[in-house]
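File shown here: query14.cif, holding mmCIF, C-alpha atoms.
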```cif
data_my_file
loop_
_atom_site.group_PDB
_atom_site.id
_atom_site.type_symbol
_atom_site.label_atom_id
_atom_site.label_comp_id
_atom_site.auth_asym_id
_atom_site.auth_seq_id
_atom_site.Cartn_x
_atom_site.Cartn_y
_atom_site.Cartn_z
ATOM 1 C CA MET A 1033 53.025 73.665 115.269
ATOM 2 C CA THR A 1034 55.723 71.785 113.356
ATOM 3 C CA MET A 1035 54.217 73.009 110.108
ATOM 4 C CA PHE A 1036 54.600 76.637 111.254
ATOM 5 C CA ILE A 1037 58.223 76.021 112.166
ATOM 6 C CA ILE A 1038 58.922 74.475 108.747
ATOM 7 C CA ILE A 1039 57.129 77.338 106.965
ATOM 8 C CA GLY A 1040 59.031 79.831 109.126
ATOM 9 C CA VAL A 1041 62.404 78.219 108.343
ATOM 10 C CA VAL A 1042 61.620 78.080 104.604
ATOM 11 C CA ALA A 1043 60.453 81.708 104.694
ATOM 12 C CA LEU A 1044 63.653 82.772 106.474
ATOM 13 C CA PHE A 1045 65.741 80.794 103.989
ATOM 14 C CA LEU A 1046 63.938 82.436 101.032
ATOM 15 C CA LEU A 1047 64.303 85.840 102.666
ATOM 16 C CA TYR A 1048 68.042 85.199 103.136
ATOM 17 C CA ILE A 1049 68.374 84.207 99.459
ATOM 18 C CA ILE A 1050 66.520 87.344 98.344
ATOM 19 C CA ILE A 1051 68.599 89.616 100.568
ATOM 20 C CA THR A 1052 71.839 87.969 99.461
ATOM 21 C CA TYR A 1053 70.831 88.152 95.785
ATOM 22 C CA ASN A 1054 70.003 91.854 96.118
ATOM 23 C CA ASN A 1055 73.250 92.587 97.967
ATOM 24 C CA VAL A 1056 75.275 90.848 95.258
ATOM 25 C CA LYS A 1057 73.468 92.849 92.570
ATOM 26 C CA LYS A 1058 74.082 96.109 94.480
ATOM 27 C CA GLY A 1059 77.753 95.205 94.885
ATOM 28 C CA ALA A 1060 78.065 94.489 91.157
ATOM 29 C CA VAL A 1061 76.498 97.866 90.360
ATOM 30 C CA LYS A 1062 78.959 99.614 92.705
ATOM 31 C CA VAL A 1063 81.889 97.842 91.033
ATOM 32 C CA GLU A 1064 80.631 98.825 87.577
ATOM 33 C CA GLN A 1065 80.060 102.416 88.672
ATOM 34 C CA SER A 1066 83.532 102.586 90.161
ATOM 35 C CA PHE A 1067 85.037 101.278 86.926
ATOM 36 C CA SER A 1068 82.990 103.790 84.950
ATOM 37 C CA ASN A 1069 84.355 106.601 87.131
ATOM 38 C CA MET A 1070 87.900 105.396 86.507
ATOM 39 C CA ASP A 1071 87.215 105.163 82.778
ATOM 40 C CA VAL A 1072 85.990 108.776 82.768
ATOM 41 C CA LEU A 1073 89.175 109.885 84.514
ATOM 42 C CA LEU A 1074 91.344 107.991 82.026
ATOM 43 C CA GLN A 1075 89.498 109.605 79.112
ATOM 44 C CA ASN A 1076 89.778 112.979 80.823
ATOM 45 C CA ARG A 1077 93.527 112.454 81.141
ATOM 46 C CA ALA A 1078 93.845 111.627 77.459
ATOM 47 C CA ASP A 1079 91.811 114.666 76.410
ATOM 48 C CA GLU A 1080 93.056 117.197 78.920
ATOM 49 C CA ILE A 1081 96.769 116.480 78.626
ATOM 50 C CA VAL A 1082 96.667 116.922 74.863
ATOM 51 C CA ASN A 1083 94.725 120.189 75.249
ATOM 52 C CA LEU A 1084 97.013 121.454 78.006
ATOM 53 C CA ILE A 1085 100.100 120.680 75.952
ATOM 54 C CA SER A 1086 98.621 122.375 72.917
ATOM 55 C CA THR A 1087 97.840 125.487 74.957
ATOM 56 C CA THR A 1088 101.264 125.455 76.596
ATOM 57 C CA LYS A 1089 103.001 124.988 73.253
ATOM 58 C CA SER A 1090 101.078 127.941 71.850
ATOM 59 C CA ALA A 1091 101.950 130.214 74.790
ATOM 60 C CA VAL A 1092 105.577 129.106 74.750
ATOM 61 C CA GLU A 1093 105.798 129.567 70.988
ATOM 62 C CA ASN A 1094 104.531 133.161 71.248
ATOM 63 C CA GLU A 1095 107.044 134.004 73.961
ATOM 64 C CA LYS A 1096 109.805 132.116 72.155
ATOM 65 C CA GLU A 1097 109.201 134.009 68.918
ATOM 66 C CA LEU A 1098 109.399 137.356 70.679
ATOM 67 C CA LEU A 1099 112.578 136.396 72.573
ATOM 68 C CA GLU A 1100 114.173 135.081 69.374
ATOM 69 C CA GLU A 1101 113.244 138.295 67.551
ATOM 70 C CA VAL A 1102 114.798 140.451 70.272
ATOM 71 C CA THR A 1103 117.933 138.279 70.333
ATOM 72 C CA ALA A 1104 118.256 138.321 66.530
ATOM 73 C CA LEU A 1105 117.801 142.089 66.328
ATOM 74 C CA ARG A 1106 120.323 142.614 69.120
ATOM 75 C CA SER A 1107 122.841 140.429 67.319
ATOM 76 C CA GLN A 1108 122.148 142.230 64.053
ATOM 77 C CA VAL A 1109 122.740 145.636 65.652
ATOM 78 C CA ASN A 1110 125.964 144.444 67.319
ATOM 79 C CA ARG A 1111 127.565 142.736 64.311
ATOM 80 C CA ASN A 1112 126.636 145.161 61.544
ATOM 81 C CA SER A 1113 129.330 147.740 62.181
ATOM 82 C CA THR A 1114 129.771 148.248 58.426
ATOM 83 C CA LYS A 1115 126.226 149.530 57.951
ATOM 84 C CA ASN A 1116 125.555 153.183 57.493
ATOM 85 C CA VAL A 1117 124.016 155.290 60.225
ATOM 86 C CA GLU A 1118 120.468 155.121 58.815
ATOM 87 C CA ASP A 1119 120.504 151.282 58.732
ATOM 88 C CA LYS A 1120 121.890 151.132 62.257
ATOM 89 C CA LEU A 1121 119.200 153.528 63.474
ATOM 90 C CA ALA A 1122 116.476 151.471 61.784
ATOM 91 C CA ASP A 1123 117.839 148.269 63.350
ATOM 92 C CA SER A 1124 118.024 149.954 66.743
ATOM 93 C CA GLN A 1125 114.455 151.222 66.436
ATOM 94 C CA ARG A 1126 113.190 147.732 65.527
ATOM 95 C CA LEU A 1127 115.131 146.328 68.500
ATOM 96 C CA GLU A 1128 113.712 149.005 70.768
ATOM 97 C CA GLY A 1129 110.174 148.209 69.576
ATOM 98 C CA SER A 1130 110.666 144.494 70.238
ATOM 99 C CA VAL A 1131 112.210 145.141 73.645
ATOM 100 C CA ASN A 1132 109.311 147.465 74.529
ATOM 101 C CA THR A 1133 106.836 144.751 73.489
ATOM 102 C CA LEU A 1134 108.712 142.207 75.615
ATOM 103 C CA LEU A 1135 108.835 144.609 78.569
ATOM 104 C CA GLY A 1136 105.116 145.290 78.179
ATOM 105 C CA ARG A 1137 104.394 141.582 78.377
ATOM 106 C CA LEU A 1138 106.675 141.187 81.364
ATOM 107 C CA GLU A 1139 104.927 144.064 83.127
ATOM 108 C CA ALA A 1140 101.542 142.533 82.386
ATOM 109 C CA TYR A 1141 102.775 139.106 83.475
ATOM 110 C CA PRO A 1142 105.532 139.540 86.079
ATOM 111 C CA ASP A 1143 106.040 135.811 86.230
ATOM 112 C CA ILE A 1144 107.060 135.000 82.701
ATOM 113 C CA LYS A 1145 104.064 133.538 80.933
ATOM 114 C CA PHE A 1146 105.599 130.323 79.676
ATOM 115 C CA THR A 1147 106.890 129.463 83.135
ATOM 116 C CA SER A 1148 103.385 129.696 84.552
ATOM 117 C CA GLN A 1149 102.101 127.633 81.619
ATOM 118 C CA TYR A 1150 104.613 124.884 82.365
ATOM 119 C CA ASN A 1151 103.770 125.018 86.073
ATOM 120 C CA HIS A 1152 100.056 124.793 85.284
ATOM 121 C CA LEU A 1153 100.678 121.854 82.954
ATOM 122 C CA GLN A 1154 102.783 120.053 85.560
ATOM 123 C CA ASN A 1155 100.233 120.690 88.326
ATOM 124 C CA ARG A 1156 97.283 119.502 86.215
ATOM 125 C CA ILE A 1157 99.091 116.329 85.123
ATOM 126 C CA THR A 1158 100.008 115.595 88.746
ATOM 127 C CA ASN A 1159 96.415 116.234 89.850
ATOM 128 C CA ILE A 1160 94.982 114.038 87.089
ATOM 129 C CA GLU A 1161 97.354 111.181 87.903
ATOM 130 C CA GLU A 1162 96.548 111.434 91.617
ATOM 131 C CA ASN A 1163 92.806 111.313 90.854
ATOM 132 C CA ILE A 1164 93.298 108.254 88.662
ATOM 133 C CA GLN A 1165 95.319 106.502 91.375
ATOM 134 C CA ALA A 1166 92.656 107.311 93.978
ATOM 135 C CA GLN A 1167 89.911 105.970 91.719
ATOM 136 C CA ARG A 1168 91.909 102.806 91.014
ATOM 137 C CA ARG A 1169 92.215 102.230 94.752
ATOM 138 C CA THR A 1170 88.470 102.794 95.169
ATOM 139 C CA PHE A 1171 87.712 100.401 92.321
ATOM 140 C CA ASN A 1172 90.004 97.705 93.703
ATOM 141 C CA ALA A 1173 88.507 98.120 97.191
ATOM 142 C CA ARG A 1174 84.991 97.686 95.790
ATOM 143 C CA VAL A 1175 86.083 94.632 93.809
ATOM 144 C CA ALA A 1176 87.727 93.138 96.912
ATOM 145 C CA ASP A 1177 84.587 93.717 98.985
ATOM 146 C CA PHE A 1178 82.407 92.224 96.253
ATOM 147 C CA ASN A 1179 84.628 89.177 95.806
ATOM 148 C CA ALA A 1180 84.896 88.611 99.560
ATOM 149 C CA TYR A 1181 81.112 88.766 99.829
ATOM 150 C CA LEU A 1182 80.761 86.136 97.084
ATOM 151 C CA VAL A 1183 83.198 83.607 98.508
ATOM 152 C CA THR A 1184 81.940 83.451 102.070
ATOM 153 C CA PHE A 1185 79.699 80.592 103.132
ATOM 154 C CA PRO A 1186 76.730 80.257 102.517
ATOM 155 C CA ARG A 1187 76.726 83.152 100.027
ATOM 156 C CA ASN A 1188 79.080 81.212 97.760
ATOM 157 C CA ILE A 1189 76.348 78.601 97.274
ATOM 158 C CA ILE A 1190 73.790 81.260 96.367
ATOM 159 C CA ALA A 1191 76.331 82.965 94.072
ATOM 160 C CA SER A 1192 76.964 79.711 92.206
ATOM 161 C CA ILE A 1193 73.219 79.030 91.870
ATOM 162 C CA PHE A 1194 72.700 82.428 90.211
ATOM 163 C CA ASN A 1195 76.015 82.279 88.271
ATOM 164 C CA PHE A 1196 77.592 85.261 89.992
ATOM 165 C CA SER A 1197 81.329 85.349 89.522
ATOM 166 C CA GLN A 1198 84.180 87.318 91.003
ATOM 167 C CA LYS A 1199 85.248 90.552 89.335
ATOM 168 C CA PRO A 1200 88.846 91.190 88.322
ATOM 169 C CA SER A 1201 90.694 93.950 90.108
ATOM 170 C CA PHE A 1202 92.701 96.543 88.220
ATOM 171 C CA GLU A 1203 96.264 95.415 87.711
ATOM 172 C CA VAL A 1204 98.877 97.116 85.607
ATOM 173 C CA THR A 1205 100.511 94.400 83.549
ATOM 174 C CA ASP A 1206 102.048 96.233 80.612
ATOM 175 C CA GLN A 1207 105.145 98.282 81.461
ATOM 176 C CA SER A 1208 103.981 101.149 79.254
ATOM 177 C CA LYS A 1209 100.800 101.480 81.310
ATOM 178 C CA LYS A 1210 102.874 101.991 84.438
ATOM 179 C CA GLU A 1211 104.641 104.986 82.967
ATOM 180 C CA ASN A 1212 103.212 108.474 82.848
ATOM 181 C CA PRO A 1213 102.331 109.861 79.443
ATOM 182 C CA ASP A 1214 105.410 111.015 77.515
ATOM 183 C CA VAL A 1215 104.719 114.726 77.622
ATOM 184 C CA SER A 1216 108.028 115.674 76.005
ATOM 185 C CA ALA A 1217 107.138 113.595 72.933
ATOM 186 C CA MET A 1218 103.840 115.463 72.743
ATOM 187 C CA PHE A 1219 105.746 118.773 72.612
ATOM 188 C CA GLU A 1220 107.731 117.500 69.617
ATOM 189 C CA GLU A 1221 104.618 116.766 67.559
#
```
Would you encode the structure as structure tokens?
Amino acid sequence: MTMFIIIGVVALFLLYIIITYNNVKKGAVKVEQSFSNMDVLLQNRADEIVNLISTTKSAVENEKELLEEVTALRSQVNRNSTKNVEDKLADSQRLEGSVNTLLGRLEAYPDIKFTSQYNHLQNRITNIEENIQAQRRTFNARVADFNAYLVTFPRNIIASIFNFSQKPSFEVTDQSKKENPDVSAMFEE
């Protein structure tokens, strides 16, 4: 009878070790997966912000060129009082053509296009940053759960036997990492 009790205790102890080992491995996989998800979001931010800014710059540049053309033609018509009638008519016709093009765009896009581009850019950057923050919180929660699991008795003994160690949580240490990307500098490029 004593032999069965000893075998039973040893079997339970081995079963506990196996279950604990497997739980630690599962926790490590969850931490790694969570970090991988955060890494994907960080890469997405780097790629998407550059693409969004490029698209916004392009849309703004098109609108800016048209507005500058209309403004320049208007100024030219107003200040060239010494021109003959034919030159003034030609300038006025060019101005009218540019104004009609601008009005056509405004009719097609009642909310001026570059304003919507800026709003889209701002909304996407905000959304990306919120997703990154949420994933950082998820990652840190998984790391905290994993580390807490490792340090509790008797799991800490099993963790040291199998050389499991605590995982570092995500901490922003460099001041530049705390700041949002400098979008205005990207527009100057």
Min atom-atom distance to Gln1198 in chain A from the set A:Thr1052, A:Gln1065, A:Asn1159, A:Thr1184, counting only C-alpha atoms, belongs to A:Thr1184
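Restricting the calculation to all atoms listed in the file, the smallest distance between Asn1188 in chain A and any of A:Val1082, A:Val1072, A:Ile1164, A:Ile1049 is found for A:Ile1049.
Between CA of Val1063 in chain A and CA of Leu1182 in chain A there is a distance of 13.2 Å.
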Contacts of Ala1060 in chain A at 9 Å or less, counting only C-alpha atoms, minus same-chain residues fewer than 6 places along, as a list in words?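 Contacts, in chain order: Arg1174, Val1175, Phe1178 and Lys1199 of chain A.
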Selected residue of minimal separation from Gln1165 in chain A among A:Thr1087, A:Asn1069, A:Thr1034, A:Asn1054, counting all atoms listed in the file: A:Asn1069
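If all atoms listed in the file are the atoms counted, then among A:Asn1172, A:Val1183, A:Met1035, A:Ile1160 the closest residue to Glu1064 in chain A is A:Asn1172.
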Quick check, in Å to one decimal: how far apart do CA of Leu1073 in chain A and CA of Phe1196 in chain A lie?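 Result for CA of Leu1073 in chain A versus CA of Phe1196 in chain A: 27.8 Å, one decimal.
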Top pick for closest residue to Asn1076 in chain A, considering A:Leu1047, A:Val1056, A:Ala1191, A:Ile1157 and counting all atoms listed in the file: A:Ile1157
Gap from CA of Asn1155 in chain A to CA of Asp1079 in chain A - Å, one decimal: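 Computing the Euclidean distance for CA of Asn1155 in chain A and CA of Asp1079 in chain A yields 15.8 Å.
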For Tyr1053 in chain A, work out the shell of residues within 9 Å, counting all atoms listed in the file and skipping chain neighbours fewer than 2 positions away, then give it as a list in words.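 Selected residues are Tyr1048, Ile1049, Ile1050, Ile1051, Asn1055, Val1056, Lys1057, Lys1058, Arg1187, Ile1190, Ala1191 and Phe1194 of chain A.
Proximity to Thr1158 in chain A was assessed for A:Ala1176, A:Ile1081, A:Val1061, A:Ile1193 counting all atoms listed in the file; the smallest distance is recorded for A:Ile1081.
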